[in-house]
Amino acid sequence: MAARPIWTGTVSFALLSVPVKLYTATRAKDIAFNQIERATGARIKQRKVSSVSGEEVPTEQIVRGYDLGGDRYVVVEPDELEALAPRTAADDRVIEIVEFVELREIDPIYFEKAYYIAPDKGGTRPYSLLVRALEESGKVALAKVVLRNKEHLAALRARDGVLCMETMLYADEVVATEEIDGLPRPGDAAERQIADRELEMAKMLIDASTGTFEPTRFRDEYRDKVLAMIEAKSLGQVYELPVAQEAPQVADLMAALEASLAAVRDRRPA
Amino acid sequence: MDSLVEVEGRTLRLTNLDKPLFPGGFTKGHLIDHLVRMAPVLLPHLRGRNLTTIRFPDGVDGEHFYAKSIPRHAPDWVKRVEVGGVTYVVCEDVPTLVWLGNLAAIELHVPLHRAADDSWDPDRIVFDLDPGPGAGIAECAAVAMDLRDLLSPLGMSLRIKTSGSKGMQLYAIPPSPLPYRGPTGTTAFAKRVAEGLEAAHPDRIVSKQAKELRPGKVLIDWSQNVAAKTTVCVYSLRARREPTVSTPVTWDEVASAVDGMPLRFTASEIVARVADLGDLFA
């Protein structure tokens with residue numbers, strides 16, 4: 001099944017205007033479960049009820065309230081939010097490129113979600129031009145875009161001839177390290193106590209374990225196992241839970257070592 | 001005086017066989033003779049392992065260098081394996097041993113895994129017992145006994161040898177294969193063993209490399225349990241004053257060494273010993 005675009009509009013930069021379609025580039029593969037009644041298999045439904053009367057409240061009677069604390073709320077209407085919704089320069093269906101930076105200048109902590117950008121009708125040529133220009137300059141475009149009523153900062157880059165966009169967090173959406181106890185501060189004493197020798201050893205271990213990143217080597221093995229179990233059960237097979245395998249045995253070896261070391265300590269003359 | 005020899009169907013040109021490599025007159029010819037005589041017990045321990053040699057073209061008092069990459073002019077029949085961008089020699093037959101001897105490769109060092117067999121997990125754990133100033137083989141032997149008491153009950157099969165230099169090396173073969181890395185890998189295991197024994201016997205054992213910690217004590221060097229490190233291979237010569245050999249010993253000999261019996265074997269002694277005892281490291 002072909003993916004459907006989540007948004008259409010234009011990428012705009014100076015005199016260039018590229019009609020485009022936006023697709024999500026990633027999908028979470030978490031396994032979803034439904035709640036059902038054990039005896040009948042009937043789906044469990046949630047009902048929206050008033051916390052005061054306990055009666056069900058019809059959808060048209062549900063409005064948005066902003067919590068002021070102390071059970072006080074400000075009611076906000078959809079058209080009030082609409083009037084304040086962000087817009088970029090021309091209209092709100094534009095990915096507006098504002099400047100170009102080096103990819104390595106962007107801390108990965110800012111990246112939020114990835115999208116593919118495809119050319120829409122009449123966009124093929126300017127699209128190719130933009131991709132080529134990005135490829136040959138080696139730069140990343142910073143842009144503003146409104147998605148689902150939120151104005152995002154975004155990074156546009158060429159990836160194997162395809163234009164990609166990552167929405168980004170604003171600086172104030174990244175938690176400052178000072179807010180978290182236990183994170184190292186610059187100039188901490190612990191940092192100064194590292195012996196050159198230890199550092200050399202650690203760097204050597206890093207060199208010895210250095211490879212190239214191959215994403216396909218890593219899989220969510222837990223998900224694979226859960227899906228295998230579900231498939232077996234759906235075919236009416238009896239699914240036997242796996243018994244402890246190699247890894248736990250290894251852990252046992254460590255545990256056995258600790259027990260032996262404790263015994264050695266106890267034998268030691270005082 | 002060069003000579004052409006044929007070994008197992010390979011023709012080799014041997015050079016400067018009379019060149020002394022050790023002060024006592026042990027020559028390159030003697031080195032090659034040692035390697036050939038040791039081949040039946042030595043080759044099984046080299047099999048599949050990427051080899052690092054220490055070469056002494058002008059003998060142990062001359063310049064030496066660690067040779068990892070295979071020499072450019074190596075015969076094409078020499079087996080090789082690429083590890084981390086470096087092409088290493090893998091020595092699995094007598095002609096390769098003779099060829100290495102002719103290169104004055106006195107010391108043979110190997111990692112704990114067999115890269116050429118595509119086996120990247122270590123098949124053993126090594127504890128290198130290195131005596132600090134004022135300590136010697138007796139102190140090492142005592143620590144080897146401590147390690148045996150600790151590791152045997154864990155189902156580890158143990159091998160013990162002299163380093164051929166000042167210390168000893170104990171190898172532990174775990175009941176099931178372990179990787180190097182991770183919280184339950186051999187690196188972490190060996191480190192925990194060393195630190196645990198140091199805590200139990202702080203007067204005799206250290207687990208950290210720092211020199212100032214070591215007078216009179218034995219370092220349990222656990223750090224060779226990583227993929228990039230090598231340890232001298234059993235039956236390899238060492239570049240000392242005399243052609244000493246890294247020699248497997250029995251636990252009875254280790255116990256006697258604690259009481260002062262020297263544990264030191266030279267090339268001239270090892271041949272009869274192997275004929276007598278076989279390969280204690282098998």
# chains A, B, ... in the order shown; residues from 1 in each chain; ligands from 1
$ interface_residues --of "chain B" --to "chain A" --cutoff "10 Å" --atoms "only C-alpha atoms" --output "number ranges by chain"
B: 84, 146, 149-151, 153-156, 174-179, 181, 183-186, 188-189, 192-193, 195-197, 199-201, 208-210, 223, 226-229
$ residues_around --residues "region 6-14 of chain A" --least-positions-apart "6" --cutoff "8 Å" --atoms "only C-alpha atoms" --output "mmCIF file with C-alpha atoms, in the first residue's frame"
data_model
loop_
_atom_site.group_PDB
_atom_site.id
_atom_site.type_symbol
_atom_site.label_atom_id
_atom_site.label_comp_id
_atom_site.auth_asym_id
_atom_site.auth_seq_id
_atom_site.Cartn_x
_atom_site.Cartn_y
_atom_site.Cartn_z
ATOM 1 C CA VAL A 20 5.990 19.279 -2.537
ATOM 2 C CA LYS A 21 4.297 16.502 -0.619
ATOM 3 C CA LEU A 22 5.435 15.468 2.851
ATOM 4 C CA TYR A 23 5.570 11.877 4.086
ATOM 5 C CA THR A 24 6.583 10.576 7.497
ATOM 6 C CA ARG A 93 1.563 25.930 3.561
ATOM 7 C CA VAL A 94 5.166 26.863 3.065
ATOM 8 C CA ILE A 95 8.442 25.327 4.136
ATOM 9 C CA GLU A 96 10.381 28.558 4.230
ATOM 10 C CA ILE A 97 14.147 28.199 4.050
ATOM 11 C CA VAL A 98 15.803 30.884 6.180
ATOM 12 C CA ASP A 120 4.378 17.531 -6.338
ATOM 13 C CA LEU A 147 2.582 21.336 10.897
#
$ residues_around --residues "Leu134 (chain A)" --least-positions-apart "6" --cutoff "12 Å" --atoms "only C-alpha atoms" --output "number ranges by chain"
A: 100-103, 127-128, 140-142, 155-164
$ residues_around --residues "Lys211 (chain B)" --least-positions-apart "3" --cutoff "10 Å" --atoms "only C-alpha atoms" --output "PyMOL selection string"
chain B and resi 132-133+208+214-215+219
$ write_last_selection --atoms "C-alpha atoms" --output "PDB file, in the first residue's frame"
ATOM      1  CA  GLY B 132      57.168  -6.250  40.814  1.00  0.00           C
ATOM      2  CA  PRO B 133      60.684  -5.403  42.060  1.00  0.00           C
ATOM      3  CA  LYS B 208      46.486  -1.944  38.580  1.00  0.00           C
ATOM      4  CA  ARG B 214      54.147  -3.031  42.924  1.00  0.00           C
ATOM      5  CA  PRO B 215      57.326  -3.485  44.993  1.00  0.00           C
ATOM      6  CA  LEU B 219      50.423  -7.698  39.327  1.00  0.00           C
TER       7      LEU B 219
END
$ residues_around --residues "Thr124 (chain A)" --least-positions-apart "5" --cutoff "10 Å" --atoms "only C-alpha atoms" --output "list in words"
Val18, Pro19, Val20, Ala118, Pro119 and Leu129 of chain A
$ write_last_selection --atoms "N, CA, C and O atoms" --output "tab-separated table (two decimals), in the first residue's frame"
chain	number	residue	atom	x	y	z
A	18	VAL	N	9.12	25.23	-4.76
A	18	VAL	CA	8.99	23.84	-5.16
A	18	VAL	C	7.70	23.25	-4.58
A	18	VAL	O	7.59	23.11	-3.36
A	19	PRO	N	6.72	22.90	-5.43
A	19	PRO	CA	5.53	22.23	-4.89
A	19	PRO	C	5.92	20.84	-4.38
A	19	PRO	O	6.58	20.08	-5.10
A	20	VAL	N	5.54	20.54	-3.13
A	20	VAL	CA	5.99	19.28	-2.54
A	20	VAL	C	4.88	18.60	-1.74
A	20	VAL	O	3.88	19.19	-1.38
A	118	ALA	N	8.62	14.85	-1.24
A	118	ALA	CA	8.55	14.43	-2.64
A	118	ALA	C	8.08	15.61	-3.49
A	118	ALA	O	7.30	16.43	-3.01
A	119	PRO	N	8.54	15.70	-4.74
A	119	PRO	CA	8.04	16.79	-5.59
A	119	PRO	C	6.57	16.55	-5.93
A	119	PRO	O	6.16	15.43	-6.18
A	129	LEU	N	16.95	20.58	-8.65
A	129	LEU	CA	17.90	21.67	-8.51
A	129	LEU	C	18.29	21.86	-7.05
A	129	LEU	O	19.47	21.95	-6.70
$ residues_around --residues "Ala267 (chain B)" --least-positions-apart "5" --cutoff "7 Å" --atoms "only C-alpha atoms" --output "list in words"
His34, Pro243, Thr244 and Val245 of chain B
$ residues_around --residues "Val254 (chain B)" --least-positions-apart "2" --cutoff "8 Å" --atoms "only C-alpha atoms" --output "MDAnalysis selection string"
chainID B and resid 141:142 144:145 249:252 256:258
$ write_last_selection --atoms "all heavy atoms" --output "PDB file, in the first residue's frame"
ATOM      1  N   ALA B 141      53.921 -17.881  41.658  1.00  0.00           N
ATOM      2  CA  ALA B 141      53.366 -19.219  41.830  1.00  0.00           C
ATOM      3  C   ALA B 141      52.298 -19.223  42.922  1.00  0.00           C
ATOM      4  O   ALA B 141      51.255 -19.877  42.792  1.00  0.00           O
ATOM      5  CB  ALA B 141      54.487 -20.205  42.155  1.00  0.00           C
ATOM      6  N   ALA B 142      52.549 -18.456  44.012  1.00  0.00           N
ATOM      7  CA  ALA B 142      51.567 -18.382  45.095  1.00  0.00           C
ATOM      8  C   ALA B 142      50.261 -17.769  44.591  1.00  0.00           C
ATOM      9  O   ALA B 142      49.165 -18.231  44.934  1.00  0.00           O
ATOM     10  CB  ALA B 142      52.137 -17.567  46.257  1.00  0.00           C
ATOM     11  N   ALA B 144      49.255 -17.811  41.488  1.00  0.00           N
ATOM     12  CA  ALA B 144      48.652 -18.802  40.583  1.00  0.00           C
ATOM     13  C   ALA B 144      47.802 -19.799  41.374  1.00  0.00           C
ATOM     14  O   ALA B 144      46.707 -20.178  40.949  1.00  0.00           O
ATOM     15  CB  ALA B 144      49.743 -19.535  39.800  1.00  0.00           C
ATOM     16  N   MET B 145      48.305 -20.197  42.564  1.00  0.00           N
ATOM     17  CA  MET B 145      47.533 -21.121  43.409  1.00  0.00           C
ATOM     18  C   MET B 145      46.234 -20.458  43.884  1.00  0.00           C
ATOM     19  O   MET B 145      45.189 -21.103  43.935  1.00  0.00           O
ATOM     20  CB  MET B 145      48.375 -21.542  44.630  1.00  0.00           C
ATOM     21  CG  MET B 145      49.688 -22.208  44.281  1.00  0.00           C
ATOM     22  SD  MET B 145      49.518 -23.864  43.594  1.00  0.00           S
ATOM     23  CE  MET B 145      49.616 -24.835  45.085  1.00  0.00           C
ATOM     24  N   VAL B 249      53.756 -25.741  32.815  1.00  0.00           N
ATOM     25  CA  VAL B 249      54.230 -26.456  34.013  1.00  0.00           C
ATOM     26  C   VAL B 249      53.043 -27.153  34.680  1.00  0.00           C
ATOM     27  O   VAL B 249      51.890 -26.820  34.418  1.00  0.00           O
ATOM     28  CB  VAL B 249      54.925 -25.488  35.006  1.00  0.00           C
ATOM     29  CG1 VAL B 249      56.224 -24.967  34.423  1.00  0.00           C
ATOM     30  CG2 VAL B 249      54.009 -24.327  35.382  1.00  0.00           C
ATOM     31  N   THR B 250      53.377 -28.129  35.536  1.00  0.00           N
ATOM     32  CA  THR B 250      52.319 -28.854  36.257  1.00  0.00           C
ATOM     33  C   THR B 250      52.021 -28.110  37.560  1.00  0.00           C
ATOM     34  O   THR B 250      52.825 -27.299  38.030  1.00  0.00           O
ATOM     35  CB  THR B 250      52.779 -30.277  36.612  1.00  0.00           C
ATOM     36  OG1 THR B 250      53.875 -30.178  37.534  1.00  0.00           O
ATOM     37  CG2 THR B 250      53.241 -31.039  35.370  1.00  0.00           C
ATOM     38  N   TRP B 251      50.854 -28.440  38.151  1.00  0.00           N
ATOM     39  CA  TRP B 251      50.507 -27.782  39.419  1.00  0.00           C
ATOM     40  C   TRP B 251      51.442 -28.225  40.536  1.00  0.00           C
ATOM     41  O   TRP B 251      51.672 -27.478  41.480  1.00  0.00           O
ATOM     42  CB  TRP B 251      49.034 -28.000  39.749  1.00  0.00           C
ATOM     43  CG  TRP B 251      48.175 -27.121  38.894  1.00  0.00           C
ATOM     44  CD1 TRP B 251      47.451 -27.487  37.798  1.00  0.00           C
ATOM     45  CD2 TRP B 251      48.012 -25.705  39.023  1.00  0.00           C
ATOM     46  NE1 TRP B 251      46.843 -26.387  37.231  1.00  0.00           N
ATOM     47  CE2 TRP B 251      47.165 -25.278  37.968  1.00  0.00           C
ATOM     48  CE3 TRP B 251      48.500 -24.747  39.906  1.00  0.00           C
ATOM     49  CZ2 TRP B 251      46.791 -23.949  37.789  1.00  0.00           C
ATOM     50  CZ3 TRP B 251      48.121 -23.414  39.732  1.00  0.00           C
ATOM     51  CH2 TRP B 251      47.285 -23.025  38.690  1.00  0.00           C
ATOM     52  N   ASP B 252      51.993 -29.457  40.434  1.00  0.00           N
ATOM     53  CA  ASP B 252      53.002 -29.880  41.414  1.00  0.00           C
ATOM     54  C   ASP B 252      54.227 -28.980  41.339  1.00  0.00           C
ATOM     55  O   ASP B 252      54.809 -28.593  42.356  1.00  0.00           O
ATOM     56  CB  ASP B 252      53.426 -31.338  41.167  1.00  0.00           C
ATOM     57  CG  ASP B 252      52.364 -32.320  41.652  1.00  0.00           C
ATOM     58  OD1 ASP B 252      51.465 -31.876  42.416  1.00  0.00           O
ATOM     59  OD2 ASP B 252      52.423 -33.497  41.261  1.00  0.00           O
ATOM     60  N   SER B 256      55.849 -26.494  44.161  1.00  0.00           N
ATOM     61  CA  SER B 256      57.270 -26.504  44.537  1.00  0.00           C
ATOM     62  C   SER B 256      57.890 -25.127  44.348  1.00  0.00           C
ATOM     63  O   SER B 256      58.762 -24.720  45.119  1.00  0.00           O
ATOM     64  CB  SER B 256      58.040 -27.518  43.689  1.00  0.00           C
ATOM     65  OG  SER B 256      57.472 -28.794  43.815  1.00  0.00           O
ATOM     66  N   ALA B 257      57.434 -24.412  43.310  1.00  0.00           N
ATOM     67  CA  ALA B 257      57.987 -23.077  43.049  1.00  0.00           C
ATOM     68  C   ALA B 257      57.660 -22.128  44.196  1.00  0.00           C
ATOM     69  O   ALA B 257      58.465 -21.249  44.528  1.00  0.00           O
ATOM     70  CB  ALA B 257      57.447 -22.532  41.730  1.00  0.00           C
ATOM     71  N   VAL B 258      56.467 -22.312  44.820  1.00  0.00           N
ATOM     72  CA  VAL B 258      56.129 -21.479  45.974  1.00  0.00           C
ATOM     73  C   VAL B 258      57.191 -21.665  47.056  1.00  0.00           C
ATOM     74  O   VAL B 258      57.556 -20.730  47.756  1.00  0.00           O
ATOM     75  CB  VAL B 258      54.722 -21.847  46.517  1.00  0.00           C
ATOM     76  CG1 VAL B 258      54.399 -21.057  47.780  1.00  0.00           C
ATOM     77  CG2 VAL B 258      53.661 -21.609  45.447  1.00  0.00           C
TER      78      VAL B 258
END
$ closest_residue --among "B:Glu139, B:Asp76, B:Asp279, B:Glu82" --to "Gly216 (chain B)" --atoms "only C-alpha atoms"
B:Glu139
$ select_by_dssp --residues "region 35-171 of chain A" --states "alpha helix (DSSP H)" --output "PyMOL selection string"
chain A and resi 78-84+124-137
$ closest_residue --among "B:Arg37, B:Arg13, B:Lys79, B:Arg49" --to "Leu103 (chain B)" --atoms "only C-alpha atoms"
B:Arg13
$ select_by_dssp --residues "region 7-131 of chain A" --states "strand (DSSP E)" --output "count of residues only"
45
$ atom_distance --atom1 "CA of Gln224 (chain B)" --atom2 "CA of Val126 (chain B)"
6.9 Å
